[in-house]
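S.K.: First, the structure itself, so that you have it in front of you.
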Number of protein chains: 2
Amino acid sequence: MTDPRRAALRTVLNPKSVAIVGASENPNKIGGRPLLYLTKFGYKGKVFPINPNRKETQGFKAYPSLAALPEAPETAIIAVPDDLAVQAIDDCAARGVKVAVVMASGFGETSDPVAKQKERRMADRGRASGMRIIGPNSQGLANFGSGAVLSFSTMFLETEARDGPVGVISQSGAMSVVPYALLRARGLGVRYACATGNDCDVSVSELASVVAEDPELKLLLLYLEAIRDPAPLAEAARIASARGLPIVALKAGRTPAGQKAAQSHTGALANEDRVVEAFLERHGIWRARDVNELVGGAELYLKGWKPKGRRLVAISNSGASCVMAADAATVAGLPIAALSAETRAGLAKILPTFATTTNPVDLTAALLSNSGLFGQILPVIARDPAADAFFIGIPVAGQGYDVDSFAGDAAVFARRTGKPIVVAIPQANIGAKFKAQGLPVFTTDSEAVSALGAYLSHMELMQRVAAEPPRAPGSPRSMPATTRTLNEADSLALAGRYGLPVVEHHLCRSPEEAVAAFEALGAPVVVKGCSQDVPHKSEWGLVKLGLTDVEQVRSAYDDLDKTLRIAGARFEGAIVARMVKGLRELMIGAHLDPVFGAVVVVGDGGKYVEAMPDVQVLLPPFTGDDVLRALSRLRIAPLMAGVRGEPPLDADEFCNLAVRVGAMIAAPEAAVASVDLNPVIVGAQREGCTVVDGLVVLAG
Amino acid sequence: MTDPRRAALRTVLNPKSVAIVGASENPNKIGGRPLLYLTKFGYKGKVFPINPNRKETQGFKAYPSLAALPEAPETAIIAVPDDLAVQAIDDCAARGVKVAVVMASGFGETSDPVAKQKERRMADRGRASGMRIIGPNSQGLANFGSGAVLSFSTMFLETEARDGPVGVISQSGAMSVVPYALLRARGLGVRYACATGNDCDVSVSELASVVAEDPELKLLLLYLEAIRDPAPLAEAARIASARGLPIVALKAGRTPAGQKAAQSHTGALANEDRVVEAFLERHGIWRARDVNELVGGAELYLKGWKPKGRRLVAISNSGASCVMAADAATVAGLPIAALSAETRAGLAKILPTFATTTNPVDLTAALLSNSGLFGQILPVIARDPAADAFFIGIPVAGQGYDVDSFAGDAAVFARRTGKPIVVAIPQANIGAKFKAQGLPVFTTDSEAVSALGAYLSHMELMQRVAAEPPRAPGSPRSMPATTRTLNEADSLALAGRYGLPVVEHHLCRSPEEAVAAFEALGAPVVVKGCSQDVPHKSEWGLVKLGLTDVEQVRSAYDDLDKTLRIAGARFEGAIVARMVKGLRELMIGAHLDPVFGAVVVVGDGGKYVEAMPDVQVLLPPFTGDDVLRALSRLRIAPLMAGVRGEPPLDADEFCNLAVRVGAMIAAPEAAVASVDLNPVIVGAQREGCTVVDGLVVLAG
């Protein structure tokens with residue numbers, strides 16, 4: 001907590017003094033906006049415009065240089081371009097500035113090596129002096145709690161600010177303020193809207209980890225285009241998790257086209273998306289796929305609910321709304337709660353005979369004739385313990401309806417149950433009355449239900465992560481400079497040394513050895529050509545299955561020898577192995593990700609793993625339960641439990657294997673660069689698994 | 001076109017006279033609203049309130065009864081409840097009313113048999129007299145073109161009406177007006193907002209087919225909870241397709257929970273959702289999954305564009321917007337267009353050096369310093385033939401930006417290219433300026449791009465359907481009252497008679513016959529137990545694969561005999577069949593859907609078809625090309641083309657088989673109730689397919 005580098009970031013969010021290098025009288029210039037905002041948003045500290053040509057700027061006394069200031073400013077905004085910005089960084093460091101916010105563009109985000117070099121020089125100067133740098137190419141930081149709005153974003157002129165419990169941290173300027181604008185349009189207060197730009201020193205993640213300490217924050221939104229270093233993001237997640245602060249992240253560049261665009265935008269390297277997905281989940285961060293998902297559930301997070309389950313009760317004055325809510329609930333994984341007989345009897349007493357008393361509860365158009373129905377049924381439903389969460393849809397209301405009562409009754413209901421509730425109302429004026437009562441209002445049924453589903457899933461995830469916090473990642477294993485591919489025999493031998501159950505086999509160097517192996521193992525056997533030059537054996541016809549006599553084995557050996565020689569590949573012998581029976585071929589892979597380090601992949605096996613992948617990613621260290629959860633998300637999950645009269649698979653043993661592979665690749669001293677065990681033949685429960693083919697790549 | 005039943009529906013949309021049975025002075029009552037609306041929306045015809053207790057109602061002369069009217073009204077609204085409504089139908093029929101709109105609820109949508117019987121009585125009376133009935137349980141019909149607003153929906157008091165080129169037809173009252181409200185909130189005019197209720201006579205589809213004739217309509221939106229009869233919907237689609245009118249349909253009840261809710265709502269039977277999907281597509285109707293998708297692309301349909309392709313160019317002043325648009329484009333299946341060298345050189349001359357000249361085109365925050373950039377780059381991009389459609393994202397603008405010029409320049413660009421364009425702007429006031437220029441504005445990048453993607457896909461679908469209009473379905477084959485399951489031998493024999501390539505096999509009644517068959521076929525063979533009582537043979541161990549000698553065959557025969565007898569199933573012999581080699585096991589199934597008639601299913605085969613389905617649905621009659629398109633959507637599609645050194649599969653022959661199975665089940669005289677050919681072993685290109693197992697159920 002006394003780390004001066006973190007302390008500096010607390011300072012920049014609420015500095016005692018701010019200098020603006022390149023301060024402008026024109027509030028529509030980059031160097032003019034921050035002055036306008038510091039005044040407009042009630043910043044209480046000292047403001048020092050630096051402008052050698054003016055005595056005064058926007059009402060503040062101006063200074064010719066940083067050196068001329070009466071004191072060292074805690075923070076400086078650099079609004080001058082190019083070399084002047086580099087010079088300003090030197091000046092700031094010399095003057096004892098704690099944090100510089102560099103708004104100038106045209107550095108590391110370009111393809112120009114000279115510009116990139118200038119950014120490195122700024123970063124080096126900052127590191128050497130202990131001064132922290134936000135940017136360059138940063139739109140700036142806004143803290144509406146302190147009034148320290150060190151930003152040139154136009155958005156704060158356009159959308160009225162209001163302090164509140166949400167923070168937005170983004171590399172992109174636009175994406176620091178678009179969520180802000182959407183939340184403000186919904187009436188929510190936002191405290192932080194910060195853009196870190198090129199992250200030459202301070203990253204989105206590091207700033208997020210400091211913002212996450214703010215005890216008044218209830219929701220933290222992140223926009224990321226690349227994760228260069230997972231450790232600060234894990235640290236932010238750890239801090240947030242410890243105090244129950246939810247983080248929702250939009251990691252863009254999730255497709256190849258998006259990654260290509262991100263490379264042009266912030267020079268972002270392309271993260272493997274499924275690894276990002278696994279990393280975020282492991283740290284309790286909910287992933288939004290677009291801006292709507294990023295801000296969609298904000299109201300729900302601010303309620304302080306403690307959800308207990310996912311069973312939904314839907315109530316509407318329209319049957320169509322009931323049907324669409326039920327469809328949306330299914331998509332969101334929310335079961336429709338079965339109401340108790342008591343509840344149904346209670347509803348039957350109130351509702352007209354043609355209305356339903358099952359869930360979803362359809363009040364029908366009878367609500368137009370009798371506005372009291374709504375207020376009468378809610379207490380009946382509130383008593384039913386089967387409900388974990390509620391949806392109320394009012395697709396049509398207005399004249400003839402007592403909308404004020406509806407809104408009031410719904411608010412009482414929400415308070416009394418204390419359970420999550422969402423409301424869908426397409427008419428803005430009707431929705432406003434429910435909003436005024438503190439209820440989360442969405443335009444359509446599907447928006448409401450899918451936001452609720454995401455919120456409940458995130459709460460479950462946060463509980464799981466809080467119960468078993470991920471270990472803080474050390475520095476991930478670095479990528480080896482050179483690698484060496486083992487042939488199959490050596491790969492299997494290594495796997496065996498790590499305790500993996502490898503198929504019984506012999507590496508044979510002559511037809512005679514092959515025959516001897518066949519006789520030792522007994523029919524049937526498989527004979528495979530062994531060569532580190534040919535990792536995909538089956539495409540080359542190097543796998544001979546189901547051989548049952550000596551002649552077949554001998555001829556297979558000769559054939560493999562010939563095939564490999566014709567292909568110009570080393571013939572390192574023939575593997576004669578026992579044919580293993582099992583129920584399904586799965587796979588376990590592991591590799592080193594350049595950013596996230598060790599990654600384990602489990603899934604369906606066989607030859608079509610690339611063509612039709614059905615896999616899940618795990619980040620070591622993980623437990624057997626984590627593997628089991630991953631398997632439950634596979635397309636082949638039904639097979640794990642046994643279908644069509646088949647017994648369940650030995651998932652426990654497969655999970656053990658995956659954990660062992662995780663240990664094999666994750667240990668800092670490990671020599672393994674990648675592992676591909678495919679197939680792993682999985683037997684019925686308690687019958688175990690057998691690795692029948694493997695490919696290991698070693699570092700070095 | 002002179003069908004009097006259709007003519008009546010044209011009448012109800014613009015009647016010369018309207019009677020309101022149960023007219024009320026109170027405009028918030030069901031019988032009062034229509035009077036208010038007829039006045040408010042400028043209805044020019046005659047209005048006859050029927051109310052025995054009043055001389056005048058809402059300014060109109062009131063009459064004691066239909067009989068007392070000076071003339072027969074073309075249309076009558078029935079706003080009295082229960083038995084009075086049934087009586088009113090009788091009176092209307094007697095008086096010569098052409099169409100009655102029954103607003104009363106509590107009939108067929110309830111579980112009460114007496115109420116259901118009353119609805120049937122109304123329907124019968126209508127049918128006997130030639131009078132058409134809308135409803136009961138209808139919220140009414142609104143035509144803002146004619147002012148004939150025969151509706152009690154509150155929405156038309158709440159949301160200002162404006163006539164326009166969109167029609168909404170729905171069973172549900174709420175879903176006739178929610179799309180209306182959302183479209184109106186976006187400034188779009190809506191002509192029709194009609195709710196047909198219980199559809200005891202006139203269905204959503206039939207009304208849609210009449211509305212589709214309106215030459216001024218440019219977009220028709222449907223809300224359906226059940227499709228009881230596909231013929232009128234196909235007819236509506238045919239009329240719409242012939243004049244290029246797009247239909248977008250929200251078919252709710254797409255999940256089991258939604259179907260259950262729909263049953264309570266309108267007594268809707270549960271359609272099999274994947275059959276609905278295939279039916280809508282076949283008829284060129286785009287399917288929306290929720291209300292947002294239903295109305296999301298409305299602006300695009302109204303532009304009259306003639307899209308030529310799907311390659312997208314994205315332009316933004318924010319790199320993040322570029323990245324997110326590229327991600328969204330990938331999800332929507334829109335490739336990012338490669339700009340020509342000429343275009344890129346042109347952009348390089350205009351943009352600052354740190355901006356990109358690749359697509360997406362990122363103007364960067366430099367737009368704040370130089371508002372002219374936007375107008376300068378657009379003509380350069382407009383000249384590039386690689387672009388089929390455009391996305392413009394302006395996530396931040398306002399003071400300091402020349403927004404009026406941006407909007408004007410974008411509009412000129414849109415007109416000049418004539419190509420589809422979408423704009424994403426989160427700030428309502430900025431977006432309004434683009435809207436005022438006639439541009440389709442969305443709040444977020446992903447909304448804009450996904451609406452564009454759906455629109456382009458729908459346009460492609462409409463072109464395909466227009467080029468090859470589906471045959472108007474005759475009455476679909478009705479479900480047989482009783483069925484008879486054939487055993488495998490008989491099933492294969494029948495398949496063979498329909499020209500399907502069935503595996504060479506013998507049905508053997510003794511071990512000796514089995515041995516003789518083995519000797520005739522040659523090793524290896526498969527021996528299977530044949531019994532109509534056991535359709536799933538493998539679960540019972542009734543399939544013996546790869547038998548290579550006489551002893552194995554003999555013992556297999558005895559074993560099958562014993563197994564079936566122990567199971568208490570008929571032993572109808574053993575099938576000895578040649579072992580067929582191929583590349584993949586696929587499947588072809590066919591069955592009769594109670595609503596849509598003959599349905600063919602193609603997909604991946606094997607024993608996990610139910611546990612892990614990878615299938616597509618086809619509705620006969622269809623062509624080999626239709627099957628090919630279906631196969632291209634399967635998860636296993638990559639295998640069709642050949643992967644990992646494998647040759648492509650013989651897709652052509654498989655398509656031929658599927659077409660033959662379609663003919664086998666669809667012919668009106670066909671005796672087949674269902675077919676399940678699984679596996680169909682598919683060989684390499686030109687090596688053909690073999691049906692190795694089959695199960696046929698006959699009608700009767």
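Every chain in the structure tokens takes a letter, A first, then B, and so on in the order presented; its residues are numbered from 1, and the ligands are numbered from 1 following the presented order.
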Among segment 430-559 of chain A, which ones does DSSP place in strand (DSSP E or B), written as a PyMOL selection string?

M.R.: chain A and resi 441-442+483-485+502+505-508+525-529+543-547

S.K.: Could you list, as a ChimeraX atom specification, every residue within 9 Å of Pro647 of chain A, counting only C-alpha atoms and ignoring same-chain residues fewer than 4 positions away?

M.R.: /A:583,639-643,684-685

S.K.: Residues of the last selection are to be written out with C-alpha atoms, as a PDB file, in the first residue's frame.

M.R.:
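And here's again_2.pdb as it stands now:
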```pdb
ATOM      1  CA  LEU A 583     -15.377 -45.331 -25.089  1.00  0.00           C
ATOM      2  CA  LEU A 639     -21.245 -38.438 -23.678  1.00  0.00           C
ATOM      3  CA  MET A 640     -19.331 -37.881 -20.437  1.00  0.00           C
ATOM      4  CA  ALA A 641     -22.441 -38.917 -18.536  1.00  0.00           C
ATOM      5  CA  GLY A 642     -23.183 -41.851 -20.858  1.00  0.00           C
ATOM      6  CA  VAL A 643     -25.819 -41.956 -23.583  1.00  0.00           C
ATOM      7  CA  ALA A 684     -15.815 -46.229 -18.601  1.00  0.00           C
ATOM      8  CA  GLN A 685     -15.917 -44.900 -15.060  1.00  0.00           C
TER       9      GLN A 685
END
```

S.K.: Near Leu545 of chain A, within 9 Å and counting only C-alpha atoms, which residues show up once chain neighbours fewer than 6 positions away are dropped, as a PyMOL selection string?

M.R.: chain A and resi 524-528+579

S.K.: Quick one: everything within 9 Å of Arg282 of chain A, counting only C-alpha atoms, minus sequence neighbours fewer than 5 positions away in the same chain. Send it as a VMD selection string.

M.R.: chain A and resid 277 461 465 469 to 470 618 to 619

S.K.: Next, write the just-selected residues to a file, as a PDB file, in the first residue's frame, keeping all heavy atoms as the atom set.

M.R.:
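Written out: part_10.pdb:
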```
ATOM      1  N   GLU A 277     -10.454 -15.331 -22.696  1.00  0.00           N
ATOM      2  CA  GLU A 277     -11.729 -15.758 -22.105  1.00  0.00           C
ATOM      3  C   GLU A 277     -11.485 -16.534 -20.805  1.00  0.00           C
ATOM      4  O   GLU A 277     -12.106 -16.264 -19.774  1.00  0.00           O
ATOM      5  CB  GLU A 277     -12.425 -16.660 -23.140  1.00  0.00           C
ATOM      6  CG  GLU A 277     -13.868 -16.930 -22.887  1.00  0.00           C
ATOM      7  CD  GLU A 277     -14.771 -15.970 -23.636  1.00  0.00           C
ATOM      8  OE1 GLU A 277     -14.320 -15.285 -24.573  1.00  0.00           O
ATOM      9  OE2 GLU A 277     -15.950 -15.892 -23.245  1.00  0.00           O
ATOM     10  N   LEU A 461     -20.082 -16.498 -10.598  1.00  0.00           N
ATOM     11  CA  LEU A 461     -18.642 -16.565 -10.879  1.00  0.00           C
ATOM     12  C   LEU A 461     -17.851 -15.868  -9.776  1.00  0.00           C
ATOM     13  O   LEU A 461     -16.842 -16.384  -9.279  1.00  0.00           O
ATOM     14  CB  LEU A 461     -18.360 -15.913 -12.237  1.00  0.00           C
ATOM     15  CG  LEU A 461     -16.890 -15.764 -12.616  1.00  0.00           C
ATOM     16  CD1 LEU A 461     -16.216 -17.125 -12.755  1.00  0.00           C
ATOM     17  CD2 LEU A 461     -16.758 -14.976 -13.928  1.00  0.00           C
ATOM     18  N   VAL A 465     -14.957 -17.464  -7.398  1.00  0.00           N
ATOM     19  CA  VAL A 465     -13.587 -16.938  -7.369  1.00  0.00           C
ATOM     20  C   VAL A 465     -13.231 -16.449  -5.963  1.00  0.00           C
ATOM     21  O   VAL A 465     -12.099 -16.632  -5.503  1.00  0.00           O
ATOM     22  CB  VAL A 465     -13.423 -15.820  -8.421  1.00  0.00           C
ATOM     23  CG1 VAL A 465     -12.102 -15.095  -8.241  1.00  0.00           C
ATOM     24  CG2 VAL A 465     -13.540 -16.408  -9.816  1.00  0.00           C
ATOM     25  N   PRO A 469      -9.700 -17.999  -4.462  1.00  0.00           N
ATOM     26  CA  PRO A 469      -9.042 -16.958  -5.258  1.00  0.00           C
ATOM     27  C   PRO A 469      -7.912 -17.575  -6.088  1.00  0.00           C
ATOM     28  O   PRO A 469      -7.192 -18.438  -5.583  1.00  0.00           O
ATOM     29  CB  PRO A 469      -8.475 -16.003  -4.213  1.00  0.00           C
ATOM     30  CG  PRO A 469      -9.104 -16.372  -2.919  1.00  0.00           C
ATOM     31  CD  PRO A 469      -9.506 -17.800  -3.029  1.00  0.00           C
ATOM     32  N   PRO A 470      -7.783 -17.168  -7.328  1.00  0.00           N
ATOM     33  CA  PRO A 470      -6.684 -17.685  -8.145  1.00  0.00           C
ATOM     34  C   PRO A 470      -5.370 -17.217  -7.535  1.00  0.00           C
ATOM     35  O   PRO A 470      -5.276 -16.109  -7.016  1.00  0.00           O
ATOM     36  CB  PRO A 470      -6.913 -17.046  -9.509  1.00  0.00           C
ATOM     37  CG  PRO A 470      -7.775 -15.853  -9.257  1.00  0.00           C
ATOM     38  CD  PRO A 470      -8.586 -16.159  -8.044  1.00  0.00           C
ATOM     39  N   LEU A 618      -7.812 -24.100 -20.118  1.00  0.00           N
ATOM     40  CA  LEU A 618      -7.598 -23.989 -18.671  1.00  0.00           C
ATOM     41  C   LEU A 618      -6.249 -23.324 -18.426  1.00  0.00           C
ATOM     42  O   LEU A 618      -5.286 -23.586 -19.155  1.00  0.00           O
ATOM     43  CB  LEU A 618      -7.584 -25.381 -18.038  1.00  0.00           C
ATOM     44  CG  LEU A 618      -8.921 -26.130 -18.034  1.00  0.00           C
ATOM     45  CD1 LEU A 618      -8.691 -27.635 -18.031  1.00  0.00           C
ATOM     46  CD2 LEU A 618      -9.739 -25.714 -16.819  1.00  0.00           C
ATOM     47  N   LEU A 619      -6.184 -22.488 -17.410  1.00  0.00           N
ATOM     48  CA  LEU A 619      -4.917 -21.837 -17.084  1.00  0.00           C
ATOM     49  C   LEU A 619      -4.377 -22.424 -15.783  1.00  0.00           C
ATOM     50  O   LEU A 619      -5.012 -22.311 -14.749  1.00  0.00           O
ATOM     51  CB  LEU A 619      -5.124 -20.326 -16.938  1.00  0.00           C
ATOM     52  CG  LEU A 619      -5.633 -19.623 -18.192  1.00  0.00           C
ATOM     53  CD1 LEU A 619      -5.775 -18.135 -17.950  1.00  0.00           C
ATOM     54  CD2 LEU A 619      -4.699 -19.868 -19.366  1.00  0.00           C
TER      55      LEU A 619
END
```

S.K.: If you measure from atom CA of Asp229 of chain B to atom CA of Ser203 of chain B, what distance in Å do you get, rounded to one decimal?

M.R.: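 Atom CA of Ser203 of chain B lies 9.0 Å from atom CA of Asp229 of chain B.
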
S.K.: Name all residues at most 7 Å from segment 221-223 of chain A (count only C-alpha atoms; drop same-chain ones fewer than 2 positions away) and give them as a PyMOL selection string.

M.R.: chain A and resi 167-171+175+219+225+247-251

S.K.: Just C-alpha atoms for this one: save the residues we selected as a JSON list (two decimals), in the first residue's frame.

M.R.:
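Written output follows (part_0.json):
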```json
[["chain", "number", "residue", "atom", "x", "y", "z"],
["A", 167, "GLY", "CA", -15.79, 3.65, -13.07],
["A", 168, "VAL", "CA", -14.70, 3.25, -16.69],
["A", 169, "ILE", "CA", -11.07, 2.62, -17.55],
["A", 170, "SER", "CA", -10.02, 2.24, -21.17],
["A", 171, "GLN", "CA", -7.02, 2.58, -23.41],
["A", 175, "MET", "CA", -14.37, 3.87, -25.13],
["A", 219, "LEU", "CA", -18.98, -1.36, -10.66],
["A", 225, "GLU", "CA", -7.71, -4.10, -26.95],
["A", 247, "ILE", "CA", -15.50, -5.93, -13.01],
["A", 248, "VAL", "CA", -16.99, -6.20, -16.48],
["A", 249, "ALA", "CA", -14.51, -6.06, -19.35],
["A", 250, "LEU", "CA", -14.95, -5.53, -23.07],
["A", 251, "LYS", "CA", -11.88, -7.08, -24.65]]
```

S.K.: When you draw a straight line from atom CA of Leu294 of chain A to atom CA of Leu456 of chain A, how long is it in Å?

M.R.: 14.7 Å

S.K.: Would you list the contacts of Val576 of chain B as an mmCIF file with C-alpha atoms, in the first residue's frame, taking every protein, DNA or RNA residue within 12 Å and counting only C-alpha atoms, but skipping same-chain residues closer than 2 positions in sequence?

M.R.:
```cif
data_model
loop_
_atom_site.group_PDB
_atom_site.id
_atom_site.type_symbol
_atom_site.label_atom_id
_atom_site.label_comp_id
_atom_site.auth_asym_id
_atom_site.auth_seq_id
_atom_site.Cartn_x
_atom_site.Cartn_y
_atom_site.Cartn_z
ATOM 1 C CA GLU B 488 -34.687 -53.456 -40.893
ATOM 2 C CA ALA B 489 -34.866 -55.957 -43.735
ATOM 3 C CA VAL B 503 -25.887 -52.294 -48.747
ATOM 4 C CA GLU B 504 -25.715 -55.784 -50.225
ATOM 5 C CA HIS B 505 -27.246 -58.079 -47.633
ATOM 6 C CA HIS B 506 -29.229 -61.243 -46.979
ATOM 7 C CA LEU B 507 -31.953 -61.857 -44.444
ATOM 8 C CA CYS B 508 -31.167 -65.262 -42.998
ATOM 9 C CA ARG B 509 -33.506 -67.487 -41.052
ATOM 10 C CA SER B 510 -31.008 -70.089 -39.919
ATOM 11 C CA PRO B 511 -27.312 -70.313 -39.074
ATOM 12 C CA GLU B 512 -26.846 -72.220 -42.309
ATOM 13 C CA GLU B 513 -28.400 -69.423 -44.349
ATOM 14 C CA ALA B 514 -26.153 -66.978 -42.529
ATOM 15 C CA VAL B 515 -23.064 -68.979 -43.376
ATOM 16 C CA ALA B 516 -24.161 -69.245 -47.005
ATOM 17 C CA ALA B 517 -24.675 -65.488 -47.107
ATOM 18 C CA PHE B 518 -21.225 -64.954 -45.610
ATOM 19 C CA GLU B 519 -19.688 -67.175 -48.249
ATOM 20 C CA ALA B 520 -21.555 -65.348 -51.006
ATOM 21 C CA LEU B 521 -20.533 -61.896 -49.761
ATOM 22 C CA GLY B 522 -16.980 -62.674 -48.645
ATOM 23 C CA ALA B 523 -15.269 -61.507 -45.444
ATOM 24 C CA PRO B 524 -15.637 -59.256 -43.585
ATOM 25 C CA VAL B 525 -19.377 -59.065 -42.919
ATOM 26 C CA VAL B 526 -21.646 -57.535 -40.326
ATOM 27 C CA VAL B 527 -24.401 -59.618 -38.768
ATOM 28 C CA LYS B 528 -27.366 -57.854 -37.205
ATOM 29 C CA GLY B 529 -30.438 -59.053 -35.385
ATOM 30 C CA CYS B 530 -33.648 -58.151 -37.209
ATOM 31 C CA LEU B 542 -27.455 -56.710 -31.851
ATOM 32 C CA VAL B 543 -24.751 -55.520 -34.249
ATOM 33 C CA LYS B 544 -21.709 -57.766 -34.779
ATOM 34 C CA LEU B 545 -19.121 -56.001 -36.908
ATOM 35 C CA GLY B 546 -16.152 -57.270 -38.859
ATOM 36 C CA LEU B 547 -16.816 -61.005 -38.807
ATOM 37 C CA THR B 548 -14.242 -62.825 -40.881
ATOM 38 C CA VAL B 550 -17.738 -69.062 -40.647
ATOM 39 C CA GLN B 552 -17.904 -66.152 -35.996
ATOM 40 C CA VAL B 553 -20.941 -65.841 -38.246
ATOM 41 C CA ARG B 554 -22.567 -68.969 -36.883
ATOM 42 C CA ALA B 556 -23.192 -64.415 -34.011
ATOM 43 C CA TYR B 557 -26.434 -65.811 -35.379
ATOM 44 C CA LEU B 560 -28.596 -62.649 -31.726
ATOM 45 C CA GLY B 573 -33.859 -63.345 -38.711
ATOM 46 C CA ALA B 574 -30.303 -62.123 -38.984
ATOM 47 C CA ARG B 578 -21.200 -56.637 -46.588
ATOM 48 C CA MET B 579 -18.970 -54.339 -44.491
ATOM 49 C CA VAL B 692 -26.347 -49.591 -44.317
ATOM 50 C CA ASP B 693 -29.157 -49.294 -41.811
#
```

S.K.: Which one of B:Gln139, B:Gly187, B:Thr417, B:Pro4 sits closest to Thr159 of chain B if you count only C-alpha atoms?

M.R.: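 Residue with the minimum atom-to-atom distance to Thr159 of chain B: B:Gly187.
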
S.K.: Pick out the residues sitting within 9 Å of segment 95-101 of chain B, and hand them over as an NGL selection string; count only C-alpha atoms, and ignore anything fewer than 5 positions along from it in its own chain.

M.R.: :B and (8-9 or 11-12 or 66-67 or 71-79 or 89-90 or 126 or 129-136 or 138-141 or 150 or 196)

S.K.: Can you write out the residues you just picked, keeping C-alpha atoms, as a PDB file, in the first residue's frame?

M.R.:
```
ATOM      1  CA  ALA B   8     -63.586  -8.621 -47.032  1.00  0.00           C
ATOM      2  CA  LEU B   9     -60.142  -8.251 -45.468  1.00  0.00           C
ATOM      3  CA  THR B  11     -62.633  -3.904 -46.608  1.00  0.00           C
ATOM      4  CA  VAL B  12     -61.849  -4.169 -42.904  1.00  0.00           C
ATOM      5  CA  LEU B  66     -77.597  -3.402 -35.356  1.00  0.00           C
ATOM      6  CA  ALA B  67     -81.088  -3.942 -36.691  1.00  0.00           C
ATOM      7  CA  GLU B  71     -77.770   0.540 -43.470  1.00  0.00           C
ATOM      8  CA  ALA B  72     -75.675  -2.577 -43.057  1.00  0.00           C
ATOM      9  CA  PRO B  73     -72.237  -1.544 -41.733  1.00  0.00           C
ATOM     10  CA  GLU B  74     -69.332  -3.040 -43.654  1.00  0.00           C
ATOM     11  CA  THR B  75     -67.476  -3.698 -40.416  1.00  0.00           C
ATOM     12  CA  ALA B  76     -68.496  -4.173 -36.808  1.00  0.00           C
ATOM     13  CA  ILE B  77     -66.433  -4.036 -33.648  1.00  0.00           C
ATOM     14  CA  ILE B  78     -67.721  -6.371 -30.935  1.00  0.00           C
ATOM     15  CA  ALA B  79     -66.829  -4.815 -27.575  1.00  0.00           C
ATOM     16  CA  ILE B  89     -71.898 -12.223 -34.114  1.00  0.00           C
ATOM     17  CA  ASP B  90     -75.288 -13.698 -34.950  1.00  0.00           C
ATOM     18  CA  GLY B 126     -69.134 -16.653 -39.640  1.00  0.00           C
ATOM     19  CA  SER B 129     -72.851 -16.579 -43.429  1.00  0.00           C
ATOM     20  CA  GLY B 130     -69.679 -15.623 -45.290  1.00  0.00           C
ATOM     21  CA  MET B 131     -68.852 -12.987 -42.685  1.00  0.00           C
ATOM     22  CA  ARG B 132     -65.166 -12.863 -41.717  1.00  0.00           C
ATOM     23  CA  ILE B 133     -64.197 -12.697 -38.059  1.00  0.00           C
ATOM     24  CA  ILE B 134     -61.081 -11.119 -36.563  1.00  0.00           C
ATOM     25  CA  GLY B 135     -60.504 -12.446 -33.038  1.00  0.00           C
ATOM     26  CA  PRO B 136     -61.965 -13.042 -30.553  1.00  0.00           C
ATOM     27  CA  SER B 138     -58.280  -9.187 -30.650  1.00  0.00           C
ATOM     28  CA  GLN B 139     -56.959  -5.779 -29.676  1.00  0.00           C
ATOM     29  CA  GLY B 140     -58.124  -4.661 -33.087  1.00  0.00           C
ATOM     30  CA  LEU B 141     -56.753  -3.386 -36.364  1.00  0.00           C
ATOM     31  CA  LEU B 150     -60.550  -0.209 -35.039  1.00  0.00           C
ATOM     32  CA  THR B 196     -55.756 -10.793 -34.801  1.00  0.00           C
TER      33      THR B 196
END
```

S.K.: Which parts of segment 427-633 of chain A does DSSP call alpha helix (DSSP H) when run on the backbone here, written out as a ChimeraX atom specification?

M.R.: /A:428-436,445-467,488-497,511-521,550-566,624-632

S.K.: Using only C-alpha atoms, can you tell me which of B:Gln427, B:Gln87, B:Gln463, B:Ser632 comes closest to chain A?

M.R.: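 Comparing B:Gln427, B:Gln87, B:Gln463, B:Ser632 against chain A, the winner is B:Gln427.
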